[in-house]
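K.L.:
Structure file work_37.json (JSON, C-alpha atoms and all ligand atoms) right here:
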[["chain", "number", "residue", "atom", "x", "y", "z"],
["H", 12, "MET", "CA", -6.21, -18.38, -16.94],
["H", 13, "SER", "CA", -5.06, -15.85, -19.56],
["H", 14, "LEU", "CA", -7.32, -13.02, -20.65],
["H", 15, "PHE", "CA", -7.63, -14.66, -24.06],
["H", 16, "SER", "CA", -8.62, -18.07, -22.63],
["H", 17, "PHE", "CA", -11.02, -16.40, -20.20],
["H", 18, "LEU", "CA", -12.79, -14.52, -22.98],
["H", 19, "LYS", "CA", -12.72, -17.52, -25.30],
["H", 20, "SER", "CA", -14.29, -19.72, -22.63],
["H", 21, "ASN", "CA", -17.03, -17.13, -22.40],
["H", 22, "ASN", "CA", -17.42, -17.22, -26.22],
["H", 23, "GLU", "CA", -16.77, -13.50, -26.27],
["H", 24, "VAL", "CA", -13.85, -13.17, -28.69],
["H", 25, "SER", "CA", -11.73, -15.10, -31.15],
["H", 26, "ASN", "CA", -8.85, -12.65, -31.65],
["H", 27, "PRO", "CA", -7.19, -10.97, -28.67],
["H", 28, "GLN", "CA", -6.25, -7.89, -30.70],
["H", 29, "THR", "CA", -9.91, -7.09, -31.25],
["H", 30, "ILE", "CA", -11.01, -7.30, -27.62],
["H", 31, "GLU", "CA", -13.43, -4.52, -26.79],
["H", 32, "THR", "CA", -12.85, -2.33, -23.75],
["H", 33, "LYS", "CA", -16.00, -3.57, -22.03],
["H", 34, "GLU", "CA", -14.82, -7.18, -22.35],
["H", 35, "VAL", "CA", -11.43, -6.33, -20.88],
["H", 36, "GLU", "CA", -13.15, -4.45, -18.08],
["H", 37, "SER", "CA", -15.41, -7.38, -17.34],
["H", 38, "TYR", "CA", -12.27, -9.52, -16.89],
["H", 39, "LEU", "CA", -10.42, -6.90, -14.83],
["H", 40, "ASN", "CA", -13.41, -6.13, -12.60],
["H", 41, "GLN", "CA", -13.35, -9.69, -11.34],
["H", 42, "ARG", "CA", -9.61, -9.98, -10.80],
["H", 43, "VAL", "CA", -7.75, -6.72, -10.21],
["H", 44, "ARG", "CA", -7.89, -4.36, -7.18],
["H", 45, "HIS", "CA", -7.18, -1.21, -9.22],
["H", 46, "TYR", "CA", -6.64, -0.73, -12.92],
["H", 47, "LEU", "CA", -6.47, 2.16, -15.38],
["H", 48, "PRO", "CA", -6.31, 2.35, -19.18],
["H", 49, "SER", "CA", -2.90, 2.99, -20.70],
["H", 50, "TYR", "CA", -1.11, 2.99, -24.08],
["H", 51, "LEU", "CA", 1.52, 0.74, -25.61],
["H", 52, "LEU", "CA", 4.27, 2.73, -27.34],
["H", 53, "SER", "CA", 6.84, 1.56, -29.89],
["H", 54, "LEU", "CA", 10.42, 2.24, -28.81],
["H", 55, "ASP", "CA", 12.37, 1.78, -32.08],
["H", 56, "ASP", "CA", 11.39, 5.33, -33.09],
["H", 57, "GLU", "CA", 12.09, 6.86, -29.66],
["H", 58, "PRO", "CA", 15.13, 9.12, -30.19],
["H", 59, "PHE", "CA", 15.96, 9.26, -26.48],
["H", 60, "GLN", "CA", 17.16, 5.75, -25.75],
["H", 61, "PRO", "CA", 18.60, 4.85, -22.32],
["H", 62, "SER", "CA", 22.29, 5.59, -21.73],
["H", 63, "GLN", "CA", 24.59, 2.78, -20.55],
["H", 64, "ARG", "CA", 24.71, 4.44, -17.11],
["H", 65, "LEU", "CA", 20.91, 4.39, -16.89],
["H", 66, "ILE", "CA", 20.78, 0.73, -17.93],
["H", 67, "ASP", "CA", 23.43, -0.20, -15.33],
["H", 68, "ILE", "CA", 21.64, 1.73, -12.57],
["H", 69, "GLY", "CA", 18.24, 0.34, -13.54],
["H", 70, "LEU", "CA", 19.43, -3.28, -13.61],
["H", 71, "GLU", "CA", 21.45, -3.07, -10.39],
["H", 72, "ALA", "CA", 18.76, -1.23, -8.41],
["H", 73, "SER", "CA", 15.94, -3.50, -9.66],
["H", 74, "LYS", "CA", 17.90, -6.55, -8.51],
["H", 75, "LYS", "CA", 18.97, -5.02, -5.20],
["H", 76, "ALA", "CA", 15.39, -3.98, -4.43],
["H", 77, "PHE", "CA", 14.41, -7.64, -3.92],
["H", 78, "SER", "CA", 16.75, -7.88, -0.91],
["H", 79, "ILE", "CA", 15.65, -4.59, 0.74],
["H", 80, "ASN", "CA", 13.57, -4.97, 3.90],
["H", 81, "LEU", "CA", 11.24, -2.02, 4.50],
["H", 82, "GLU", "CA", 9.20, -3.72, 7.28],
["H", 83, "PRO", "CA", 10.74, -1.48, 10.00],
["H", 84, "VAL", "CA", 10.11, 1.68, 7.91],
["H", 85, "SER", "CA", 6.53, 0.70, 7.06],
["H", 86, "LYS", "CA", 5.47, 0.35, 10.73],
["H", 87, "ALA", "CA", 4.99, 4.12, 10.98],
["H", 88, "PHE", "CA", 2.25, 4.04, 8.33],
["H", 89, "TYR", "CA", -1.38, 2.91, 8.26],
["H", 90, "PRO", "CA", -2.03, -0.75, 7.32],
["H", 91, "GLU", "CA", -2.92, -0.31, 3.64],
["H", 92, "LEU", "CA", 0.16, 1.83, 3.02],
["H", 93, "GLN", "CA", 2.30, -0.66, 4.95],
["H", 94, "THR", "CA", 1.24, -3.29, 2.41],
["H", 95, "TYR", "CA", 2.21, -1.06, -0.51],
["H", 96, "ILE", "CA", 5.56, -0.13, 1.03],
["H", 97, "ASN", "CA", 6.43, -3.83, 1.32],
["H", 98, "THR", "CA", 5.13, -4.81, -2.14],
["H", 99, "TYR", "CA", 7.82, -5.34, -4.77],
["H", 100, "PRO", "CA", 7.61, -5.29, -7.72],
["H", 101, "GLY", "CA", 4.38, -3.38, -8.19],
["H", 102, "GLU", "CA", 5.22, -0.50, -5.86],
["H", 103, "HIS", "CA", 8.34, 1.66, -6.01],
["H", 104, "TYR", "CA", 9.43, 2.00, -2.37],
["H", 105, "LYS", "CA", 12.03, -0.78, -2.39],
["H", 106, "LEU", "CA", 13.32, 0.48, -5.73],
["H", 107, "LEU", "CA", 13.76, 3.97, -4.23],
["H", 108, "ALA", "CA", 15.68, 2.50, -1.31],
["H", 109, "ALA", "CA", 17.83, 0.42, -3.68],
["H", 110, "LEU", "CA", 18.56, 3.45, -5.86],
["H", 111, "MET", "CA", 20.07, 5.18, -2.81],
["H", 112, "GLU", "CA", 22.47, 2.25, -2.41],
["H", 113, "VAL", "CA", 23.36, 2.14, -6.09],
["H", 114, "ILE", "CA", 23.66, 5.86, -6.90],
["H", 115, "LYS", "CA", 24.94, 6.87, -3.44],
["H", 116, "PRO", "CA", 23.57, 10.38, -3.88],
["H", 117, "LYS", "CA", 24.84, 13.20, -1.67],
["H", 118, "ILE", "CA", 21.79, 15.36, -2.33],
["H", 119, "VAL", "CA", 18.31, 13.96, -3.00],
["H", 120, "LEU", "CA", 15.27, 15.99, -3.87],
["H", 121, "GLU", "CA", 11.72, 14.71, -3.66],
["H", 122, "ILE", "CA", 8.85, 16.68, -5.20],
["H", 123, "GLY", "CA", 5.77, 15.70, -3.21],
["H", 124, "THR", "CA", 6.28, 14.57, 0.42],
["H", 125, "TYR", "CA", 2.62, 13.72, 1.13],
["H", 126, "GLN", "CA", 2.43, 11.03, 3.87],
["H", 127, "GLY", "CA", 6.18, 10.41, 3.79],
["H", 128, "ALA", "CA", 6.44, 6.86, 2.44],
["H", 129, "GLY", "CA", 8.82, 7.76, -0.40],
["H", 130, "CYS", "CA", 11.19, 9.93, 1.61],
["H", 131, "MET", "CA", 11.31, 7.48, 4.53],
["H", 132, "ALA", "CA", 12.08, 4.58, 2.16],
["H", 133, "MET", "CA", 14.96, 6.61, 0.69],
["H", 134, "LYS", "CA", 16.15, 7.77, 4.11],
["H", 135, "SER", "CA", 16.44, 4.16, 5.30],
["H", 136, "THR", "CA", 19.33, 3.49, 2.88],
["H", 137, "LEU", "CA", 20.70, 7.01, 2.43],
["H", 138, "PRO", "CA", 24.52, 7.08, 2.75],
["H", 139, "GLU", "CA", 26.06, 8.83, 5.78],
["H", 140, "GLY", "CA", 26.57, 12.54, 5.19],
["H", 141, "SER", "CA", 23.86, 12.73, 2.51],
["H", 142, "LYS", "CA", 20.61, 14.69, 2.72],
["H", 143, "ILE", "CA", 17.06, 14.50, 1.35],
["H", 144, "TYR", "CA", 15.18, 17.71, 0.66],
["H", 145, "THR", "CA", 11.51, 16.79, 0.36],
["H", 146, "TYR", "CA", 9.27, 19.49, -1.09],
["H", 147, "ASP", "CA", 5.54, 19.95, -0.79],
["H", 148, "ILE", "CA", 3.04, 22.77, -0.84],
["H", 149, "ILE", "CA", 1.37, 21.37, 2.31],
["H", 150, "PRO", "CA", 3.37, 20.81, 5.53],
["H", 151, "PHE", "CA", 3.56, 17.15, 6.60],
["H", 152, "ASP", "CA", 1.72, 17.83, 9.89],
["H", 153, "GLN", "CA", -1.33, 19.01, 7.94],
["H", 154, "ILE", "CA", -1.56, 15.82, 5.84],
["H", 155, "PRO", "CA", -4.15, 13.29, 7.08],
["H", 156, "ASN", "CA", -2.70, 9.86, 8.03],
["H", 157, "CYS", "CA", 0.83, 11.15, 7.62],
["H", 158, "GLY", "CA", 3.45, 8.68, 8.81],
["H", 159, "LEU", "CA", 6.06, 11.36, 9.46],
["H", 160, "LYS", "CA", 7.01, 12.74, 12.89],
["H", 161, "ALA", "CA", 8.88, 15.98, 13.58],
["H", 162, "SER", "CA", 11.82, 13.86, 14.81],
["H", 163, "ASP", "CA", 12.16, 12.25, 11.34],
["H", 164, "PHE", "CA", 13.52, 15.59, 10.17],
["H", 165, "ASP", "CA", 17.18, 15.82, 11.13],
["H", 166, "GLU", "CA", 20.56, 16.30, 9.47],
["H", 167, "LYS", "CA", 19.55, 13.65, 6.85],
["H", 168, "MET", "CA", 16.14, 15.02, 5.89],
["H", 169, "GLU", "CA", 14.44, 18.40, 5.63],
["H", 170, "GLN", "CA", 11.01, 19.40, 4.36],
["H", 171, "ARG", "CA", 10.67, 22.61, 2.40],
["H", 172, "ILE", "CA", 7.27, 24.13, 1.67],
["H", 173, "VAL", "CA", 7.88, 25.55, -1.79],
["H", 174, "ASP", "CA", 5.86, 25.27, -5.01],
["H", 175, "LEU", "CA", 8.55, 24.08, -7.43],
["H", 176, "ALA", "CA", 6.13, 24.47, -10.36],
["H", 177, "ASP", "CA", 6.32, 28.23, -9.81],
["H", 178, "PRO", "CA", 9.45, 29.46, -11.64],
["H", 179, "LYS", "CA", 10.09, 32.30, -9.16],
["H", 180, "MET", "CA", 9.81, 30.05, -6.12],
["H", 181, "ALA", "CA", 11.91, 27.37, -7.81],
["H", 182, "GLU", "CA", 14.61, 29.98, -8.48],
["H", 183, "SER", "CA", 15.07, 30.37, -4.70],
["H", 184, "GLN", "CA", 16.05, 26.67, -4.51],
["H", 185, "MET", "CA", 18.78, 26.78, -7.17],
["H", 186, "ASP", "CA", 21.60, 26.06, -4.70],
["H", 187, "ILE", "CA", 20.04, 22.66, -3.96],
["H", 188, "LEU", "CA", 18.86, 21.96, -7.51],
["H", 189, "GLU", "CA", 22.27, 22.60, -9.07],
["H", 190, "ASN", "CA", 23.97, 20.13, -6.73],
["H", 191, "VAL", "CA", 21.35, 17.39, -6.72],
["H", 192, "ASP", "CA", 22.23, 13.76, -7.58],
["H", 193, "PHE", "CA", 18.77, 12.18, -7.53],
["H", 194, "ILE", "CA", 15.25, 13.61, -7.90],
["H", 195, "PHE", "CA", 12.00, 11.75, -7.26],
["H", 196, "ALA", "CA", 9.28, 13.67, -9.15],
["H", 197, "ASP", "CA", 6.00, 12.61, -7.57],
["H", 198, "ALA", "CA", 3.63, 15.60, -7.44],
["H", 199, "ALA", "CA", 0.25, 16.19, -9.06],
["H", 200, "LYS", "CA", 0.36, 14.30, -12.41],
["H", 201, "ASP", "CA", -2.22, 16.73, -13.76],
["H", 202, "GLY", "CA", -0.64, 17.11, -17.20],
["H", 203, "VAL", "CA", 0.59, 20.63, -16.39],
["H", 204, "MET", "CA", 2.77, 20.42, -13.29],
["H", 205, "GLU", "CA", 5.20, 17.81, -14.62],
["H", 206, "ARG", "CA", 5.77, 19.97, -17.70],
["H", 207, "ALA", "CA", 6.65, 22.86, -15.35],
["H", 208, "PHE", "CA", 9.13, 20.61, -13.51],
["H", 209, "ILE", "CA", 10.67, 19.45, -16.79],
["H", 210, "ALA", "CA", 11.03, 23.09, -17.91],
["H", 211, "LEU", "CA", 12.67, 23.80, -14.55],
["H", 212, "PHE", "CA", 15.08, 20.85, -14.88],
["H", 213, "ASP", "CA", 16.04, 22.12, -18.33],
["H", 214, "ARG", "CA", 16.86, 25.56, -16.83],
["H", 215, "VAL", "CA", 19.01, 24.23, -13.98],
["H", 216, "LYS", "CA", 22.75, 24.05, -14.55],
["H", 217, "PHE", "CA", 23.10, 20.61, -12.96],
["H", 218, "LYS", "CA", 26.64, 19.81, -11.81],
["H", 219, "ASN", "CA", 26.23, 16.04, -11.29],
["H", 220, "LYS", "CA", 24.18, 14.54, -14.18],
["H", 221, "PRO", "CA", 21.28, 13.70, -11.84],
["H", 222, "ILE", "CA", 19.04, 10.68, -12.23],
["H", 223, "ILE", "CA", 15.40, 11.73, -12.15],
["H", 224, "MET", "CA", 12.66, 9.20, -11.37],
["H", 225, "PHE", "CA", 9.16, 10.04, -12.60],
["H", 226, "ASP", "CA", 6.18, 8.26, -11.05],
["H", 227, "ASP", "CA", 2.99, 7.24, -12.89],
["H", 228, "ILE", "CA", 4.43, 7.53, -16.40],
["H", 229, "ARG", "CA", 1.84, 5.06, -17.72],
["H", 230, "PHE", "CA", -1.10, 7.29, -16.78],
["H", 231, "THR", "CA", -2.60, 8.47, -20.08],
["H", 232, "ILE", "CA", -2.11, 12.08, -18.94],
["H", 233, "MET", "CA", 1.60, 11.33, -18.43],
["H", 234, "THR", "CA", 2.12, 9.45, -21.72],
["H", 235, "PRO", "CA", 2.88, 12.51, -23.90],
["H", 236, "ILE", "CA", 4.92, 14.09, -21.10],
["H", 237, "TRP", "CA", 7.09, 10.99, -20.79],
["H", 238, "ARG", "CA", 7.44, 10.65, -24.58],
["H", 239, "ASP", "CA", 8.45, 14.33, -24.86],
["H", 240, "ILE", "CA", 11.37, 14.08, -22.42],
["H", 241, "LYS", "CA", 14.47, 14.78, -24.48],
["H", 242, "HIS", "CA", 17.10, 13.07, -22.34],
["H", 243, "PRO", "CA", 18.22, 9.44, -22.07],
["H", 244, "LYS", "CA", 15.37, 7.55, -20.40],
["H", 245, "LEU", "CA", 14.30, 4.09, -19.34],
["H", 246, "ASP", "CA", 10.81, 2.82, -18.52],
["H", 247, "ILE", "CA", 11.34, 0.34, -15.65],
["H", 248, "SER", "CA", 7.70, -0.06, -14.69],
["H", 249, "SER", "CA", 7.96, -3.85, -14.31],
["H", 250, "PHE", "CA", 10.49, -3.24, -11.50],
["H", 251, "GLY", "CA", 8.79, -0.17, -10.07],
["H", 252, "HIS", "CA", 5.28, 1.16, -9.65],
["H", 253, "TRP", "CA", 2.46, -0.61, -11.54],
["H", 254, "SER", "CA", 1.27, 2.82, -12.72],
["H", 255, "GLY", "CA", 4.63, 3.45, -14.38],
["H", 256, "THR", "CA", 8.17, 4.26, -13.27],
["H", 257, "GLY", "CA", 10.58, 6.14, -15.50],
["H", 258, "LEU", "CA", 14.27, 6.88, -14.95],
["H", 259, "VAL", "CA", 15.95, 9.74, -16.79],
["H", 260, "GLU", "CA", 19.59, 10.75, -16.91],
["H", 261, "TRP", "CA", 19.35, 14.53, -17.12],
["H", 262, "ILE", "CA", 22.27, 15.24, -19.47],
["X", 301, "LIG", "C1", 1.51, 11.55, -4.89],
["X", 301, "LIG", "S1", 1.78, 12.58, -3.51],
["X", 301, "LIG", "C2", 3.45, 12.24, -3.11],
["X", 301, "LIG", "C3", 3.66, 10.87, -2.55],
["X", 301, "LIG", "C4", 5.02, 10.65, -1.91],
["X", 301, "LIG", "N1", 6.11, 11.02, -2.78],
["X", 301, "LIG", "C5", 5.21, 9.20, -1.50],
["X", 301, "LIG", "O1", 6.05, 8.52, -2.08],
["X", 301, "LIG", "O2", 4.50, 8.75, -0.61],
["X", 301, "LIG", "C6", 1.82, 14.18, -4.25],
["X", 301, "LIG", "C7", 2.20, 15.32, -3.32],
["X", 301, "LIG", "O3", 2.66, 16.39, -4.14],
["X", 301, "LIG", "C8", 2.35, 17.60, -3.52],
["X", 301, "LIG", "N2", 2.46, 18.67, -4.51],
["X", 301, "LIG", "C9", 1.52, 19.05, -5.41],
["X", 301, "LIG", "N3", 1.99, 20.08, -6.13],
["X", 301, "LIG", "C10", 3.26, 20.34, -5.71],
["X", 301, "LIG", "C11", 4.25, 21.29, -6.10],
["X", 301, "LIG", "N4", 4.01, 22.17, -7.06],
["X", 301, "LIG", "N5", 5.45, 21.29, -5.45],
["X", 301, "LIG", "C12", 5.67, 20.38, -4.47],
["X", 301, "LIG", "N6", 4.76, 19.46, -4.07],
["X", 301, "LIG", "C13", 3.57, 19.44, -4.68],
["X", 301, "LIG", "C14", 0.94, 17.35, -2.99],
["X", 301, "LIG", "O4", 0.60, 18.29, -1.98],
["X", 301, "LIG", "C15", 1.04, 15.91, -2.49],
["X", 301, "LIG", "O5", 1.34, 15.88, -1.11]]
For the file at hand, write its structure as C-alpha cells.
P.N.:
Amino acid sequence: MSLFSFLKSNNEVSNPQTIETKEVESYLNQRVRHYLPSYLLSLDDEPFQPSQRLIDIGLEASKKAFSINLEPVSKAFYPELQTYINTYPGEHYKLLAALMEVIKPKIVLEIGTYQGAGCMAMKSTLPEGSKIYTYDIIPFDQIPNCGLKASDFDEKMEQRIVDLADPKMAESQMDILENVDFIFADAAKDGVMERAFIALFDRVKFKNKPIIMFDDIRFTIMTPIWRDIKHPKLDISSFGHWSGTGLVEWI
C-alpha cells in the first residue's frame, strides 16, 4: 500500500503534498527499520552536473554490483553487519567492490576504517598490484566488534592512524593523496569534518582525476556539504547506501 493510500484509508489526508511530519512518522514507525528526515533538491540549477566519465562509471558499477558475491567477505563480521554487507541496493558494500572492478584503481584511500566492512569489500575485488590505504584515528584492534585481523593487512592493504581532517597531519600523506585513484570518504559526518576533507582534496595536486565516493550525502547535515561540492558529481543513492551515496570526479 502506498503512503498516500495508507493515509487516505485512515482518513488522515487528501493531498500527499500536505502530509504532516507526524503522519509520515506514524506510517514509517510501522514499516521501516530505520529512517531519517532528508531534503529533495532540484538538479536543473545545480552547476556541477555529472561528467560523462562519472555517468559511465556509475552505470557500470551499479549494474556489476548485482553480480558481486560478498558472502565469503561478510563471514568475518557479526550477524547484523553480515546482513548489511550482503544487502544491495540499500547498502554500499557491493557497489564499492564493483567500483574496484570498473575503475581498476592502483591506489585506494578510505577515510574511516572502523570495523573494516568497507575496506574488506574493496579488497575482495582489488586488482593485483593495487593497494588500499585505510585511515582512522583509532586502530582497528581497539574498535569493538571489528571484523579485521592483523593478517588482513598485507601488500594489498595498510591501516594508517592519521587524522586527515588536520591539515598538518594530512600534509604528511601527500605522496599517497597525489597518486590516489579512488577515495571512500566515510568518517564522522558531523558537518565539519567533511568540509575539512573537501578543503584537503582541493589542495592536493591529484595526478589521476580520482573518483571520490561520499557516504551519507542525504543526511540533513550533509545536504549543504554535498550541494557545495564544486566538481562533477552524481547522486547514486538508489544504487548505493539508503542514507545517500555520492560520486565525484575530482577535476
Ligand atoms: C562510519 S565509520 C567508517 C565505516 C567504514 N568505512 C565501513 O565501511 O565499515 C567512521 C570512522 O571514521 C573514523 N574517523 C573519524 N574521524 C576521522 C578522521 N579525521 N580521519 C580518519 N578517520 C576518522 C572513526 O574513528 C570511525 O571509525
K.L.:
May I have the residues within 12 Å of H:Thr234 as a list in words, using all atoms listed in the file and disregarding those fewer than 2 positions away in the same chain?
P.N.:
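Neighbouring residues, sequence-local ones excluded: Pro48, Ser49, Tyr50, Leu51, Leu52, Lys200, Asp201, Gly202, Glu205, Arg206, Phe225, Asp226, Asp227, Ile228, Arg229, Phe230, Thr231, Ile232, Ile236, Trp237, Arg238, Asp239, Ile240, Asp246, Ser254, Gly255, Thr256 and Gly257 of chain H.
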K.L.:
Taking only C-alpha atoms and all ligand atoms into account, report as a PyMOL selection string which residues have an atom no farther than 8 Å from an atom of ligand LIG 301 (chain X).
P.N.:
chain H and resi 104+121-130+146-149+154+172-177+195-199+204
K.L.:
Smallest atom-to-atom distance to H:Cys157: which of H:Tyr99, H:Phe88, H:Trp253, H:Phe59, using only C-alpha atoms?
P.N.:
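That would be H:Phe88, the residue with the smallest distance to H:Cys157.
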K.L.:
Produce a table with one row for each residue of stretch 68-168 of chain H that has an atom at most 10 Å from any atom of stretch 181-187 of chain H, each row naming the nearest atom pair and its distance in Å at one decimal; use only C-alpha atoms; arrange rows by chain and rising residue number; format as a tab-separated table.
P.N.:
residue	atom	partner	partner_atom	distance
H:Ile118	CA	H:Ile187	CA	7.7
H:Val119	CA	H:Ile187	CA	8.9
H:Leu120	CA	H:Ile187	CA	8.2
H:Tyr144	CA	H:Ile187	CA	8.3
K.L.:
Can you tell me which residues surround H:Met111 at a distance of at most 9 Å, considering all atoms listed in the file, apart from same-chain residues fewer than 3 positions away, and format the answer as a list of chain:residue names?
P.N.:
H:Ala72, H:Leu106, H:Leu107, H:Ala108, H:Ile114, H:Lys115, H:Pro116, H:Val119, H:Met133, H:Lys134, H:Ser135, H:Thr136, H:Leu137, H:Pro138, H:Phe193
K.L.:
Write the selection just made, keeping C-alpha atoms, as a compact mmCIF listing (two decimals), keeping the file's coordinate frame?
P.N.:
# COMPACT_ATOMS: atom_id res chain seq x y z
CA ALA H 72 18.76 -1.23 -8.41
CA LEU H 106 13.32 0.48 -5.73
CA LEU H 107 13.76 3.97 -4.23
CA ALA H 108 15.68 2.50 -1.31
CA ILE H 114 23.66 5.86 -6.90
CA LYS H 115 24.94 6.87 -3.44
CA PRO H 116 23.57 10.38 -3.88
CA VAL H 119 18.31 13.96 -3.00
CA MET H 133 14.96 6.61 0.69
CA LYS H 134 16.15 7.77 4.11
CA SER H 135 16.44 4.16 5.30
CA THR H 136 19.33 3.49 2.88
CA LEU H 137 20.70 7.01 2.43
CA PRO H 138 24.52 7.08 2.75
CA PHE H 193 18.77 12.18 -7.53
K.L.:
Which residues come within 12 Å of H:Lys105, counting only C-alpha atoms, excluding same-chain residues fewer than 5 positions away, as an NGL selection string?
P.N.:
:H and (72-82 or 84-85 or 95-100 or 110-112 or 128-136 or 250-252)
K.L.:
Please indicate the distance in Å from atom CA of H:Pro221 to atom CA of H:Phe151, rounded to one decimal place.
P.N.:
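Result for atom CA of H:Pro221 versus atom CA of H:Phe151: 25.8 Å, one decimal.
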K.L.:
Using only C-alpha atoms, which protein or nucleic acid residues come within 10 Å of H:Phe212? Drop anything in the same chain fewer than 3 positions from it, and give the result as a compact mmCIF listing (two decimals) with C-alpha atoms, in the coordinates of the input.
P.N.:
# COMPACT_ATOMS: atom_id res chain seq x y z
CA LEU H 188 18.86 21.96 -7.51
CA GLU H 189 22.27 22.60 -9.07
CA ARG H 206 5.77 19.97 -17.70
CA ALA H 207 6.65 22.86 -15.35
CA PHE H 208 9.13 20.61 -13.51
CA ILE H 209 10.67 19.45 -16.79
CA VAL H 215 19.01 24.23 -13.98
CA LYS H 216 22.75 24.05 -14.55
CA PHE H 217 23.10 20.61 -12.96
CA PRO H 221 21.28 13.70 -11.84
CA ILE H 223 15.40 11.73 -12.15
CA TRP H 261 19.35 14.53 -17.12
K.L.:
Hey, can you check how far atom CA of H:Leu211 sits from atom CA of H:Thr145?
P.N.:
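Result for atom CA of H:Leu211 versus atom CA of H:Thr145: 16.5 Å, one decimal.
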K.L.:
Could you check how far atom CA of H:Val35 sits from atom CA of H:Ser53, in Å to one decimal?
P.N.:
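So the answer is 21.8 Å.
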K.L.:
Any idea what's packed within 12 Å of H:Gln63, counting all atoms listed in the file, ignoring anything in its chain fewer than 5 positions away? Could you give it as a ChimeraX atom specification?
P.N.:
/H:68-70,243-245,259-260
K.L.:
Print the selection's residues with C-alpha atoms to a file, as a short mmCIF file (atom, residue, chain, number, x, y, z; two decimals), in the frame of the given file.
P.N.:
data_model
loop_
_atom_site.label_atom_id
_atom_site.label_comp_id
_atom_site.auth_asym_id
_atom_site.auth_seq_id
_atom_site.Cartn_x
_atom_site.Cartn_y
_atom_site.Cartn_z
CA ILE H 68 21.64 1.73 -12.57
CA GLY H 69 18.24 0.34 -13.54
CA LEU H 70 19.43 -3.28 -13.61
CA PRO H 243 18.22 9.44 -22.07
CA LYS H 244 15.37 7.55 -20.40
CA LEU H 245 14.30 4.09 -19.34
CA VAL H 259 15.95 9.74 -16.79
CA GLU H 260 19.59 10.75 -16.91
#
K.L.:
Find the residue from H:Asp192, H:Tyr89, H:Thr32, H:Lys241 that sits nearest to H:Glu57; use only C-alpha atoms when measuring.
P.N.:
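Answer, going by the shortest atom-to-atom distance: H:Lys241.
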